[in-house]
Amino acid sequence: MAKFIFKMESILSIKAKLEDQAKAEYGMEMMRLREEEHKLVLLENRRRGFEQQLLEAVNGRLVILSIRRLEDSVENLKYNIKLQIVVIRQQEERVAKARAKLDNAMKERKIYEKLKEKAFEQFKAELNAQEQKEIDQLVSFRFRSAGESED
């Protein structure tokens, strides 16, 4: 019996490897995005803490130096938060690019898998036709042999 050999099997395996790499890259980018979002949460928590301290300092005994230091800390954290938001947006863009790359790799792999399926279906049809031809020849041979034996 003939064995099915897909001529583009090496390309299919390369496409599958490229898809795996794209999945890994996408996962890494998503992990970095989560880390950057976590940093933002930490910065916002610190800012709220300094704002609370500032509120307490203003409502309590007025120590101008302490209030100034707390105001500066709050402003510095607000600036850092804005920077972190920019970093997160950049990371989101990298995630989107990695996702697009993954989608493209998946599409290419699926194309080659469809080609393989079609080639296999064609192979089965050809094999079936060949078997049918052999059966017809065998029946025809037996029919002729039976006819010659009677004469």
# chains A, B, ... in the order shown; residues from 1 in each chain; ligands from 1
>>> residues_around(residues="segment 11-22 of chain A", least_positions_apart="2", cutoff="8 Å", atoms="only C-alpha atoms", output="number ranges by chain")
A: 8-9, 24-26, 98-99, 101-102, 105-106, 108-109, 112-113
>>> write_last_selection(atoms="all heavy atoms", output="short mmCIF file (atom, residue, chain, number, x, y, z; two decimals), in the first residue's frame")
data_model
loop_
_atom_site.label_atom_id
_atom_site.label_comp_id
_atom_site.auth_asym_id
_atom_site.auth_seq_id
_atom_site.Cartn_x
_atom_site.Cartn_y
_atom_site.Cartn_z
N MET A 8 4.85 19.52 1.21
CA MET A 8 5.16 20.75 1.93
C MET A 8 5.15 20.54 3.44
O MET A 8 4.90 21.48 4.19
CB MET A 8 4.16 21.83 1.52
CG MET A 8 4.30 22.26 0.08
SD MET A 8 3.22 23.62 -0.34
CE MET A 8 1.78 22.71 -0.92
N GLU A 9 5.44 19.33 3.89
CA GLU A 9 5.45 19.03 5.32
C GLU A 9 6.48 19.87 6.06
O GLU A 9 6.23 20.33 7.18
CB GLU A 9 5.73 17.54 5.54
CG GLU A 9 5.59 17.10 6.98
CD GLU A 9 4.15 17.13 7.46
OE1 GLU A 9 3.25 16.75 6.70
OE2 GLU A 9 3.92 17.56 8.60
N ALA A 24 4.67 32.44 22.21
CA ALA A 24 5.58 32.73 23.32
C ALA A 24 5.83 34.24 23.42
O ALA A 24 5.82 34.81 24.52
CB ALA A 24 6.90 31.98 23.13
N GLU A 25 6.05 34.87 22.28
CA GLU A 25 6.29 36.31 22.27
C GLU A 25 5.06 37.06 22.78
O GLU A 25 5.18 37.99 23.58
CB GLU A 25 6.61 36.77 20.84
CG GLU A 25 6.95 38.23 20.73
CD GLU A 25 7.26 38.65 19.30
OE1 GLU A 25 7.73 37.80 18.51
OE2 GLU A 25 7.04 39.83 18.98
N TYR A 26 3.89 36.65 22.35
CA TYR A 26 2.65 37.28 22.81
C TYR A 26 2.51 37.11 24.32
O TYR A 26 2.15 38.05 25.03
CB TYR A 26 1.46 36.67 22.07
CG TYR A 26 0.13 37.20 22.54
CD1 TYR A 26 -0.27 38.49 22.22
CD2 TYR A 26 -0.73 36.41 23.28
CE1 TYR A 26 -1.49 38.99 22.65
CE2 TYR A 26 -1.95 36.89 23.70
CZ TYR A 26 -2.33 38.17 23.39
OH TYR A 26 -3.54 38.65 23.82
N ALA A 98 2.23 41.91 18.69
CA ALA A 98 2.51 40.49 18.92
C ALA A 98 1.26 39.66 18.63
O ALA A 98 1.35 38.57 18.07
CB ALA A 98 2.98 40.26 20.36
N ARG A 99 0.09 40.17 18.97
CA ARG A 99 -1.15 39.46 18.70
C ARG A 99 -1.40 39.35 17.19
O ARG A 99 -1.81 38.30 16.70
CB ARG A 99 -2.33 40.17 19.37
CG ARG A 99 -3.65 39.50 19.16
CD ARG A 99 -3.67 38.14 19.81
NE ARG A 99 -4.77 37.37 19.28
CZ ARG A 99 -5.04 36.14 19.65
NH1 ARG A 99 -4.31 35.55 20.57
NH2 ARG A 99 -6.04 35.50 19.12
N LYS A 101 0.89 39.39 14.91
CA LYS A 101 1.89 38.43 14.41
C LYS A 101 1.43 37.00 14.68
O LYS A 101 1.55 36.13 13.82
CB LYS A 101 3.23 38.70 15.09
CG LYS A 101 4.37 37.88 14.58
CD LYS A 101 5.67 38.27 15.26
CE LYS A 101 6.83 37.44 14.80
NZ LYS A 101 8.08 37.81 15.48
N LEU A 102 0.88 36.77 15.87
CA LEU A 102 0.37 35.45 16.22
C LEU A 102 -0.80 35.07 15.31
O LEU A 102 -0.86 33.95 14.80
CB LEU A 102 -0.07 35.42 17.68
CG LEU A 102 -0.77 34.15 18.16
CD1 LEU A 102 0.12 32.93 17.97
CD2 LEU A 102 -1.19 34.30 19.62
N ALA A 105 0.54 34.13 11.95
CA ALA A 105 1.20 32.82 11.98
C ALA A 105 0.17 31.70 12.03
O ALA A 105 0.32 30.67 11.37
CB ALA A 105 2.14 32.73 13.19
N MET A 106 -0.90 31.90 12.79
CA MET A 106 -1.96 30.88 12.88
C MET A 106 -2.65 30.72 11.53
O MET A 106 -2.93 29.59 11.11
CB MET A 106 -2.98 31.28 13.95
CG MET A 106 -2.44 31.16 15.37
SD MET A 106 -3.55 31.82 16.62
CE MET A 106 -4.91 30.70 16.50
N GLU A 108 -1.38 31.30 8.54
CA GLU A 108 -0.48 30.62 7.61
C GLU A 108 -0.42 29.12 7.90
O GLU A 108 -0.45 28.31 6.98
CB GLU A 108 0.91 31.24 7.69
CG GLU A 108 0.99 32.62 7.07
CD GLU A 108 2.37 33.21 7.11
OE1 GLU A 108 3.34 32.51 7.47
OE2 GLU A 108 2.50 34.40 6.77
N ARG A 109 -0.35 28.77 9.18
CA ARG A 109 -0.30 27.34 9.53
C ARG A 109 -1.59 26.66 9.09
O ARG A 109 -1.57 25.56 8.52
CB ARG A 109 -0.12 27.16 11.04
CG ARG A 109 -0.13 25.69 11.46
CD ARG A 109 -0.19 25.50 12.95
NE ARG A 109 -1.21 26.27 13.63
CZ ARG A 109 -2.49 25.91 13.74
NH1 ARG A 109 -2.92 24.79 13.18
NH2 ARG A 109 -3.36 26.66 14.40
N TYR A 112 -1.63 25.87 5.38
CA TYR A 112 -0.86 24.68 5.01
C TYR A 112 -1.52 23.40 5.52
O TYR A 112 -1.42 22.35 4.89
CB TYR A 112 0.59 24.80 5.49
CG TYR A 112 1.40 25.67 4.56
CD1 TYR A 112 1.55 27.03 4.80
CD2 TYR A 112 1.95 25.15 3.40
CE1 TYR A 112 2.26 27.83 3.92
CE2 TYR A 112 2.66 25.94 2.52
CZ TYR A 112 2.81 27.29 2.78
OH TYR A 112 3.50 28.08 1.91
N GLU A 113 -2.20 23.48 6.65
CA GLU A 113 -2.93 22.30 7.11
C GLU A 113 -4.08 21.96 6.17
O GLU A 113 -4.33 20.79 5.89
CB GLU A 113 -3.45 22.52 8.53
CG GLU A 113 -2.36 22.40 9.58
CD GLU A 113 -2.87 22.60 10.98
OE1 GLU A 113 -4.02 23.07 11.16
OE2 GLU A 113 -2.11 22.31 11.92
#
>>> residues_around(residues="segment 62-76 of chain A", least_positions_apart="5", cutoff="8 Å", atoms="only C-alpha atoms", output="mmCIF file with N, CA and C atoms, in the first residue's frame")
data_model
loop_
_atom_site.group_PDB
_atom_site.id
_atom_site.type_symbol
_atom_site.label_atom_id
_atom_site.label_comp_id
_atom_site.auth_asym_id
_atom_site.auth_seq_id
_atom_site.Cartn_x
_atom_site.Cartn_y
_atom_site.Cartn_z
ATOM 1 N N ARG A 47 0.824 57.402 45.864
ATOM 2 C CA ARG A 47 0.320 58.780 45.765
ATOM 3 C C ARG A 47 -0.823 59.003 46.751
ATOM 4 N N PHE A 50 0.609 59.430 50.193
ATOM 5 C CA PHE A 50 1.182 60.761 50.401
ATOM 6 C C PHE A 50 0.090 61.826 50.478
ATOM 7 N N GLU A 51 -0.944 61.683 49.680
ATOM 8 C CA GLU A 51 -2.049 62.640 49.743
ATOM 9 C C GLU A 51 -2.731 62.577 51.108
ATOM 10 N N GLN A 53 -1.272 61.621 53.917
ATOM 11 C CA GLN A 53 -0.335 62.245 54.857
ATOM 12 C C GLN A 53 -0.380 63.761 54.737
ATOM 13 N N LEU A 54 -0.487 64.260 53.520
ATOM 14 C CA LEU A 54 -0.557 65.696 53.290
ATOM 15 C C LEU A 54 -1.821 66.267 53.926
ATOM 16 N N ALA A 57 -1.323 66.396 57.554
ATOM 17 C CA ALA A 57 -0.374 67.454 57.914
ATOM 18 C C ALA A 57 -1.040 68.827 57.845
#
>>> residues_around(residues="Phe4 of chain A", least_positions_apart="3", cutoff="10 Å", atoms="only C-alpha atoms", output="list in words")
Met1, Lys7, Ala119, Phe120, Phe123, Lys124 and Leu127 of chain A
>>> write_last_selection(atoms="N, CA, C and O atoms", output="PDB file, in the first residue's frame")
ATOM      1  N   MET A   1       0.833  -1.171   0.000  1.00  0.00           N
ATOM      2  CA  MET A   1       0.000   0.000   0.000  1.00  0.00           C
ATOM      3  C   MET A   1       0.883   1.242   0.000  1.00  0.00           C
ATOM      4  O   MET A   1       1.894   1.299   0.690  1.00  0.00           O
ATOM      5  N   LYS A   7       4.198  16.985   0.330  1.00  0.00           N
ATOM      6  CA  LYS A   7       5.406  17.617  -0.200  1.00  0.00           C
ATOM      7  C   LYS A   7       5.817  18.854   0.580  1.00  0.00           C
ATOM      8  O   LYS A   7       6.989  19.198   0.612  1.00  0.00           O
ATOM      9  N   ALA A 119      -4.543  17.523  -0.047  1.00  0.00           N
ATOM     10  CA  ALA A 119      -3.615  16.588  -0.690  1.00  0.00           C
ATOM     11  C   ALA A 119      -3.890  15.165  -0.219  1.00  0.00           C
ATOM     12  O   ALA A 119      -3.830  14.216  -1.009  1.00  0.00           O
ATOM     13  N   PHE A 120      -4.214  14.999   1.059  1.00  0.00           N
ATOM     14  CA  PHE A 120      -4.506  13.671   1.579  1.00  0.00           C
ATOM     15  C   PHE A 120      -5.801  13.119   0.973  1.00  0.00           C
ATOM     16  O   PHE A 120      -5.869  11.940   0.619  1.00  0.00           O
ATOM     17  N   PHE A 123      -4.974  12.065  -2.424  1.00  0.00           N
ATOM     18  CA  PHE A 123      -4.216  10.818  -2.346  1.00  0.00           C
ATOM     19  C   PHE A 123      -5.157   9.637  -2.133  1.00  0.00           C
ATOM     20  O   PHE A 123      -5.036   8.604  -2.795  1.00  0.00           O
ATOM     21  N   LYS A 124      -6.118   9.794  -1.210  1.00  0.00           N
ATOM     22  CA  LYS A 124      -7.072   8.708  -0.958  1.00  0.00           C
ATOM     23  C   LYS A 124      -7.916   8.429  -2.194  1.00  0.00           C
ATOM     24  O   LYS A 124      -8.175   7.264  -2.513  1.00  0.00           O
ATOM     25  N   LEU A 127      -5.744   6.606  -4.659  1.00  0.00           N
ATOM     26  CA  LEU A 127      -5.524   5.244  -4.177  1.00  0.00           C
ATOM     27  C   LEU A 127      -6.776   4.399  -4.389  1.00  0.00           C
ATOM     28  O   LEU A 127      -6.688   3.249  -4.850  1.00  0.00           O
TER      29      LEU A 127
END
>>> closest_residue(among="A:Glu121, A:Glu36, A:Glu126, A:Glu29", to="Arg94 of chain A", atoms="only C-alpha atoms")
A:Glu29
>>> closest_residue(among="A:Ser10, A:Asn59, A:Gln84, A:Gln90", to="Leu43 of chain A", atoms="only C-alpha atoms")
A:Gln84
>>> closest_residue(among="A:Phe6, A:Leu40, A:Leu115, A:Asn45", to="Val86 of chain A", atoms="only C-alpha atoms")
A:Leu40
>>> residues_around(residues="Gln91 of chain A", least_positions_apart="3", cutoff="8 Å", atoms="only C-alpha atoms", output="PyMOL selection string")
chain A and resi 29+32-33+87-88+94-95
>>> atom_distance(atom1="atom CA of Glu134 of chain A", atom2="atom CA of Glu117 of chain A")
25.5 Å
>>> atom_distance(atom1="atom CA of Ile135 of chain A", atom2="atom CA of Lys116 of chain A")
28.1 Å
>>> decode(residues="segment 16-35 of chain A", atoms="N, CA and C atoms", output="compact mmCIF listing (two decimals), in the first residue's frame")
# COMPACT_ATOMS: atom_id res chain seq x y z
N ALA A 16 4.32 25.94 11.95
CA ALA A 16 3.89 25.58 13.31
C ALA A 16 4.90 26.12 14.33
N LYS A 17 6.19 26.01 14.01
CA LYS A 17 7.21 26.55 14.92
C LYS A 17 7.12 28.06 15.02
N LEU A 18 6.87 28.72 13.89
CA LEU A 18 6.71 30.18 13.90
C LEU A 18 5.50 30.57 14.74
N GLU A 19 4.45 29.79 14.64
CA GLU A 19 3.26 30.06 15.46
C GLU A 19 3.59 29.90 16.94
N ASP A 20 4.34 28.85 17.29
CA ASP A 20 4.72 28.65 18.68
C ASP A 20 5.57 29.81 19.19
N GLN A 21 6.49 30.28 18.36
CA GLN A 21 7.31 31.43 18.74
C GLN A 21 6.44 32.67 18.94
N ALA A 22 5.49 32.87 18.05
CA ALA A 22 4.60 34.03 18.16
C ALA A 22 3.76 33.93 19.44
N LYS A 23 3.32 32.71 19.78
CA LYS A 23 2.57 32.52 21.02
C LYS A 23 3.43 32.88 22.23
N ALA A 24 4.67 32.44 22.21
CA ALA A 24 5.58 32.73 23.32
C ALA A 24 5.83 34.24 23.42
N GLU A 25 6.05 34.87 22.28
CA GLU A 25 6.29 36.31 22.27
C GLU A 25 5.06 37.06 22.78
N TYR A 26 3.89 36.65 22.35
CA TYR A 26 2.65 37.28 22.81
C TYR A 26 2.51 37.11 24.32
N GLY A 27 2.80 35.94 24.82
CA GLY A 27 2.73 35.68 26.25
C GLY A 27 3.68 36.56 27.03
N MET A 28 4.90 36.72 26.51
CA MET A 28 5.88 37.59 27.17
C MET A 28 5.41 39.04 27.18
N GLU A 29 4.89 39.50 26.07
CA GLU A 29 4.41 40.88 26.00
C GLU A 29 3.24 41.10 26.94
N MET A 30 2.35 40.12 27.03
CA MET A 30 1.23 40.24 27.97
C MET A 30 1.73 40.28 29.41
N MET A 31 2.74 39.48 29.70
CA MET A 31 3.30 39.46 31.05
C MET A 31 3.92 40.82 31.37
N ARG A 32 4.65 41.39 30.41
CA ARG A 32 5.24 42.71 30.63
C ARG A 32 4.16 43.77 30.84
N LEU A 33 3.08 43.66 30.07
CA LEU A 33 1.97 44.60 30.24
C LEU A 33 1.40 44.50 31.65
N ARG A 34 1.20 43.29 32.14
CA ARG A 34 0.67 43.11 33.50
C ARG A 34 1.63 43.70 34.54
N GLU A 35 2.93 43.53 34.31
CA GLU A 35 3.92 44.10 35.24
C GLU A 35 3.84 45.62 35.25
